[in-house]
file data.cif (mmCIF, C-alpha atoms)
data_coords
#
loop_
_atom_site.label_atom_id
_atom_site.label_comp_id
_atom_site.auth_asym_id
_atom_site.auth_seq_id
_atom_site.Cartn_x
_atom_site.Cartn_y
_atom_site.Cartn_z
CA SER A 1 163.05 211.07 29.00
CA THR A 2 165.22 210.22 31.96
CA MET A 3 167.61 213.11 31.33
CA LEU A 4 164.69 215.48 30.96
CA LEU A 5 163.18 214.40 34.24
CA ALA A 6 166.46 214.61 36.06
CA ALA A 7 166.86 218.18 34.87
CA CYS A 8 163.51 219.34 36.16
CA GLY A 9 163.97 218.53 39.81
CA SER A 10 164.00 221.18 42.51
CA ASP A 11 167.10 222.85 43.96
CA GLU A 12 166.66 221.03 47.27
CA PRO A 13 169.69 218.96 48.28
CA THR A 14 169.44 215.24 47.72
CA ASN A 15 170.68 212.43 49.89
CA SER A 16 173.56 210.12 49.02
CA ALA A 17 171.30 208.14 46.71
CA GLY A 18 170.81 211.27 44.58
CA ASP A 19 167.73 211.56 42.39
CA SER A 20 167.00 207.86 42.73
CA GLU A 21 164.97 208.74 45.85
CA LYS A 22 163.12 211.66 44.29
CA ILE A 23 159.47 211.25 43.48
CA PHE A 24 158.65 213.12 40.30
CA GLU A 25 155.23 214.64 39.76
CA ILE A 26 153.97 214.37 36.19
CA GLY A 27 150.75 215.77 34.82
CA ILE A 28 149.26 213.74 31.99
CA THR A 29 146.81 215.56 29.76
CA GLN A 30 145.11 213.32 27.18
CA TYR A 31 142.67 214.69 24.66
CA VAL A 32 140.25 211.77 24.65
CA GLU A 33 140.03 208.20 25.89
CA HIS A 34 140.84 206.05 22.89
CA PRO A 35 142.80 202.78 22.55
CA SER A 36 145.67 204.27 20.54
CA LEU A 37 146.09 207.25 22.87
CA ASP A 38 145.69 205.03 25.94
CA GLU A 39 148.51 202.80 24.69
CA ALA A 40 150.75 205.81 24.17
CA THR A 41 150.20 206.88 27.77
CA LYS A 42 150.84 203.36 29.02
CA GLY A 43 154.05 203.19 27.02
CA PHE A 44 155.28 206.48 28.44
CA LYS A 45 154.63 205.34 32.00
CA GLN A 46 156.22 201.96 31.39
CA ALA A 47 159.38 203.57 29.99
CA LEU A 48 159.83 205.63 33.14
CA LYS A 49 159.17 202.58 35.29
CA ASP A 50 161.80 200.65 33.35
CA GLN A 51 164.27 203.41 34.21
CA GLY A 52 163.58 202.91 37.90
CA LEU A 53 162.05 206.35 38.41
CA GLU A 54 159.51 206.98 41.15
CA VAL A 55 156.62 208.97 39.67
CA GLU A 56 153.28 210.24 40.89
CA TYR A 57 150.87 210.86 38.03
CA ASN A 58 147.97 213.26 37.79
CA GLU A 59 146.01 212.02 34.78
CA GLN A 60 143.36 214.19 33.18
CA SER A 61 141.24 213.69 30.06
CA ALA A 62 139.70 216.52 28.06
CA GLN A 63 136.94 214.10 27.05
CA GLY A 64 137.38 215.08 23.43
CA ASP A 65 136.52 218.73 24.11
CA ALA A 66 139.21 221.23 23.13
CA ASN A 67 137.76 223.73 25.61
CA ASN A 68 138.91 221.49 28.46
CA THR A 69 142.54 221.29 27.43
CA LEU A 70 143.69 224.73 28.58
CA PRO A 71 142.21 224.53 32.13
CA ILE A 72 143.88 221.14 32.57
CA ALA A 73 147.26 222.47 31.47
CA LYS A 74 146.99 225.61 33.59
CA ASN A 75 146.08 223.50 36.61
CA PHE A 76 149.26 221.47 36.16
CA VAL A 77 151.26 224.69 35.98
CA SER A 78 149.71 226.01 39.19
CA GLN A 79 150.51 222.70 40.89
CA GLY A 80 154.12 223.02 39.82
CA VAL A 81 154.45 219.55 38.33
CA ASP A 82 157.89 218.44 37.22
CA LEU A 83 156.80 217.58 33.70
CA ILE A 84 153.68 217.62 31.49
CA PHE A 85 153.00 214.69 29.19
CA ALA A 86 150.58 215.86 26.49
CA ASN A 87 148.86 213.17 24.47
CA ALA A 88 147.40 214.42 21.14
CA THR A 89 147.67 217.78 19.42
CA PRO A 90 144.97 219.84 21.23
CA SER A 91 146.35 218.86 24.63
CA ALA A 92 149.91 219.58 23.53
CA GLN A 93 148.97 223.00 22.16
CA ALA A 94 147.29 223.92 25.43
CA ALA A 95 150.33 222.81 27.43
CA VAL A 96 152.70 224.83 25.25
CA GLN A 97 150.44 227.86 25.63
CA SER A 98 150.41 227.50 29.42
CA THR A 99 154.10 227.35 30.30
CA LYS A 100 157.54 228.18 28.96
CA ASP A 101 159.31 226.69 31.98
CA ILE A 102 157.92 223.25 32.79
CA PRO A 103 159.26 220.56 30.43
CA ILE A 104 156.61 219.24 28.03
CA VAL A 105 156.74 215.90 26.23
CA PHE A 106 154.09 215.37 23.57
CA THR A 107 153.00 212.32 21.61
CA SER A 108 150.29 211.28 19.12
CA VAL A 109 150.93 214.45 17.11
CA THR A 110 151.02 214.26 13.33
CA ASP A 111 152.49 217.69 12.52
CA PRO A 112 154.36 219.21 15.50
CA VAL A 113 155.73 222.08 13.41
CA GLY A 114 152.39 222.92 11.80
CA ALA A 115 150.74 222.78 15.20
CA GLN A 116 153.35 225.31 16.40
CA LEU A 117 154.61 223.03 19.14
CA VAL A 118 158.25 223.11 18.02
CA SER A 119 160.41 225.16 15.68
CA SER A 120 161.57 222.06 13.83
CA MET A 121 161.80 218.33 14.32
CA GLU A 122 165.60 218.49 14.29
CA ALA A 123 165.87 221.31 16.85
CA PRO A 124 162.62 221.63 18.83
CA GLY A 125 163.86 224.46 21.04
CA GLY A 126 162.41 225.78 24.27
CA ASN A 127 160.91 223.46 26.86
CA VAL A 128 159.11 221.18 24.42
CA THR A 129 159.97 217.87 22.81
CA GLY A 130 158.12 214.76 21.72
CA THR A 131 157.29 212.28 19.01
CA SER A 132 155.27 212.39 15.82
CA ASP A 133 153.01 209.57 14.66
CA ALA A 134 153.28 210.59 10.99
CA ASN A 135 154.40 208.03 8.41
CA PRO A 136 155.41 209.84 5.20
CA GLU A 137 154.45 206.86 3.05
CA ALA A 138 151.05 206.21 4.62
CA ILE A 139 148.84 208.50 2.54
CA PRO A 140 150.56 207.99 -0.85
CA SER A 141 150.43 204.22 -0.35
CA THR A 142 146.79 204.34 0.70
CA VAL A 143 145.76 206.46 -2.28
CA LYS A 144 147.61 204.15 -4.65
CA PHE A 145 146.04 201.05 -3.08
CA ILE A 146 142.50 202.42 -3.35
CA ALA A 147 142.98 203.40 -6.97
CA GLU A 148 144.79 200.29 -8.17
CA GLU A 149 143.45 197.49 -5.98
CA MET A 150 139.92 198.61 -5.19
CA GLY A 151 139.21 200.33 -8.50
CA ALA A 152 137.18 203.00 -6.70
CA LYS A 153 135.98 205.93 -8.80
CA LYS A 154 134.83 207.92 -5.79
CA VAL A 155 136.37 208.00 -2.33
CA GLY A 156 134.91 209.53 0.78
CA THR A 157 136.82 210.73 3.80
CA VAL A 158 135.74 212.35 7.04
CA TYR A 159 137.87 214.79 8.97
CA ASN A 160 137.73 217.39 11.72
CA ALA A 161 138.36 220.86 10.29
CA GLY A 162 139.20 222.10 13.78
CA GLU A 163 142.08 219.72 14.49
CA GLN A 164 145.56 220.20 13.06
CA ASN A 165 146.27 216.46 12.91
CA SER A 166 143.21 215.97 10.77
CA VAL A 167 143.70 218.99 8.53
CA VAL A 168 147.31 218.20 7.60
CA GLN A 169 146.37 214.67 6.56
CA ILE A 170 143.49 215.89 4.41
CA GLU A 171 145.77 218.41 2.71
CA GLN A 172 148.26 215.64 1.98
CA MET A 173 145.49 213.45 0.61
CA LYS A 174 144.22 216.21 -1.65
CA GLU A 175 147.73 216.84 -2.94
CA GLU A 176 148.28 213.15 -3.61
CA VAL A 177 144.98 212.78 -5.43
CA GLU A 178 145.71 215.82 -7.60
CA THR A 179 149.19 214.64 -8.55
CA GLU A 180 148.09 211.11 -9.39
CA PRO A 181 146.26 210.32 -12.66
CA PRO A 182 142.59 211.31 -12.23
CA ILE A 183 141.43 207.75 -11.60
CA TYR A 184 138.92 208.90 -9.03
CA LYS A 185 137.70 211.97 -7.24
CA ALA A 186 138.00 212.32 -3.49
CA LYS A 187 135.17 214.21 -1.86
CA LEU A 188 135.78 215.66 1.57
CA ARG A 189 133.26 216.20 4.32
CA PRO A 190 134.42 218.15 7.40
CA ILE A 191 133.12 217.32 10.85
CA SER A 192 132.79 220.48 12.88
CA GLU A 193 133.43 220.59 16.62
CA SER A 194 129.69 220.28 17.25
CA GLN A 195 129.22 217.33 14.87
CA ARG A 196 130.77 214.61 16.93
CA SER A 197 127.98 212.21 17.74
CA CYS A 198 127.66 208.87 16.01
CA LEU A 199 124.35 209.87 14.43
CA GLU A 200 125.68 213.15 13.03
CA CYS A 201 128.76 211.44 11.60
CA TYR A 202 126.58 208.89 9.88
CA TYR A 203 124.17 211.34 8.31
CA GLY A 204 127.04 213.62 7.36
CA SER A 205 128.54 210.71 5.47
CA GLN A 206 125.36 210.32 3.44
CA LEU A 207 126.04 213.68 1.81
CA LEU A 208 128.87 212.01 -0.04
CA GLY A 209 126.36 209.98 -1.98
CA GLY A 210 127.26 206.53 -0.73
CA SER A 211 130.93 206.47 -1.69
CA PRO A 212 132.02 202.89 -2.40
CA ALA A 213 135.37 203.46 -0.69
CA TRP A 214 136.19 205.33 2.49
CA CYS A 215 139.60 206.39 3.71
CA LEU A 216 139.71 207.13 7.43
CA HIS A 217 142.88 208.68 8.82
CA THR A 218 144.28 208.99 12.34
CA GLY A 219 142.34 212.04 13.57
CA ASN A 220 141.15 211.85 17.16
CA GLU A 221 137.49 212.16 16.17
CA ILE A 222 137.42 209.39 13.59
CA HIS A 223 137.08 206.57 16.12
CA GLU A 224 133.54 207.74 16.86
CA LEU A 225 132.60 207.15 13.25
CA VAL A 226 134.22 203.73 13.12
CA GLY A 227 132.43 202.66 16.28
CA CYS A 228 129.05 203.88 15.09
CA GLU A 229 126.41 201.13 14.79
CA LEU A 230 124.74 202.86 11.85
CA TRP A 231 128.09 203.11 10.06
CA ARG A 232 128.99 199.48 10.68
CA LYS A 233 125.65 198.24 9.38
CA LYS A 234 126.04 200.16 6.12
CA TYR A 235 129.77 199.73 5.52
CA LYS A 236 130.53 196.40 7.22
#
call {"tool": "encode", "arguments": {"input": "data.cif", "output": "structure tokens"}}
result
Amino acid sequence: STMLLAACGSDEPTNSAGDSEKIFEIGITQYVEHPSLDEATKGFKQALKDQGLEVEYNEQSAQGDANNTLPIAKNFVSQGVDLIFANATPSAQAAVQSTKDIPIVFTSVTDPVGAQLVSSMEAPGGNVTGTSDANPEAIPSTVKFIAEEMGAKKVGTVYNAGEQNSVVQIEQMKEEVETEPPIYKAKLRPISESQRSCLECYYGSQLLGGSPAWCLHTGNEIHELVGCELWRKKYK
């Protein structure tokens, strides 16, 4: 991160202290306020502080609405920030769409290649780099645990059909279920962009017929379901 920031300074001459006196301007675009995403942002800021860099942050949240991500990114571009830190896939996609010049660092992205943020994980290319939160063993291990330890014959899962992070995990889950012995059947219920309230999540879950086991992944919408009072009363 330090090398990236040092490379995005202006052409103005520096004093004898070099870039140590420069104040970098970083735009932070976060898809939604959520503990895991908040911690990622805090970690990013702490890492730069540990490097002794002086940074002014412009922090913006899309409030969980994908329609807000592009205006935020474009505003950072018009301001000429030194770097854009994009937290979660929708915010990262908007940043990549908005500039080919300003360095972009993304995080909290499950499938950077599938989301068309980078060409590959080994050689990202362009002005974009970042980290993935994907654990290749997470879904296979979860499916195996549910089948062997819980003995569930039916498993429910909720996902957002409009978010790449969510879709790629559901596809992996379906593949894992189909390759394993047919111990149980996983039924999938998509949450559309408009179905994001606690009440709608709860009643949407009822369509699965009261599945005895639920597998909730790391999609940015899922926290609303977990925090739902109706959900907690039924599945506590």
call {"tool": "resolve_selection", "arguments": {"input": "data.cif", "expression": "the PyMOL selection byres ((chain A and resi 65) around 10)", "output": "ChimeraX atom specification"}}
result
/A:31-32,61-64,66-69,90-91,193-194
call {"tool": "resolve_selection", "arguments": {"input": "data.cif", "expression": "the PyMOL selection byres ((chain A and resi 135) around 12)", "output": "tab-separated table (two decimals) with C-alpha atoms, in the coordinates of the input"}}
result
chain	number	residue	atom	x	y	z
A	108	SER	CA	150.29	211.28	19.12
A	109	VAL	CA	150.93	214.45	17.11
A	110	THR	CA	151.02	214.26	13.33
A	111	ASP	CA	152.49	217.69	12.52
A	131	THR	CA	157.29	212.28	19.01
A	132	SER	CA	155.27	212.39	15.82
A	133	ASP	CA	153.01	209.57	14.66
A	134	ALA	CA	153.28	210.59	10.99
A	136	PRO	CA	155.41	209.84	5.20
A	137	GLU	CA	154.45	206.86	3.05
A	138	ALA	CA	151.05	206.21	4.62
A	139	ILE	CA	148.84	208.50	2.54
A	140	PRO	CA	150.56	207.99	-0.85
A	141	SER	CA	150.43	204.22	-0.35
A	142	THR	CA	146.79	204.34	0.70
A	169	GLN	CA	146.37	214.67	6.56
A	172	GLN	CA	148.26	215.64	1.98
A	217	HIS	CA	142.88	208.68	8.82
A	218	THR	CA	144.28	208.99	12.34
call {"tool": "resolve_selection", "arguments": {"input": "data.cif", "expression": "the PyMOL selection byres ((chain A and resi 74) around 9)", "output": "number ranges by chain"}}
result
A: 69-73, 75-79, 94-95, 97-99
call {"tool": "atom_distance", "arguments": {"input": "data.cif", "atom1": "CA of Thr29 (chain A)", "atom2": "CA of Ala123 (chain A)"}}
result
23.7 Å
call {"tool": "residues_around", "arguments": {"input": "data.cif", "residues": "Thr41 (chain A)", "least_positions_apart": "5", "cutoff": "12 Å", "atoms": "all atoms listed in the file", "output": "ChimeraX atom specification"}}
result
/A:26-36,46-48,57,59-61,84-88,105-108
call {"tool": "atom_distance", "arguments": {"input": "data.cif", "atom1": "CA of Val118 (chain A)", "atom2": "CA of Ala92 (chain A)"}}
result
10.6 Å
call {"tool": "atom_distance", "arguments": {"input": "data.cif", "atom1": "CA of Gly52 (chain A)", "atom2": "CA of Phe24 (chain A)"}}
result
11.6 Å
call {"tool": "closest_residue", "arguments": {"input": "data.cif", "among": "A:Met173, A:Gly43, A:Ser166, A:Gly80", "to": "Ile102 (chain A)", "atoms": "only C-alpha atoms"}}
result
A:Gly80
call {"tool": "closest_residue", "arguments": {"input": "data.cif", "among": "A:Ala40, A:Val81, A:Leu117, A:Ile23", "to": "Leu53 (chain A)", "atoms": "all atoms listed in the file"}}
result
A:Ile23
call {"tool": "closest_residue", "arguments": {"input": "data.cif", "among": "A:Glu39, A:Val113, A:Lys49, A:Gln164", "to": "Gly130 (chain A)", "atoms": "only C-alpha atoms"}}
result
A:Val113
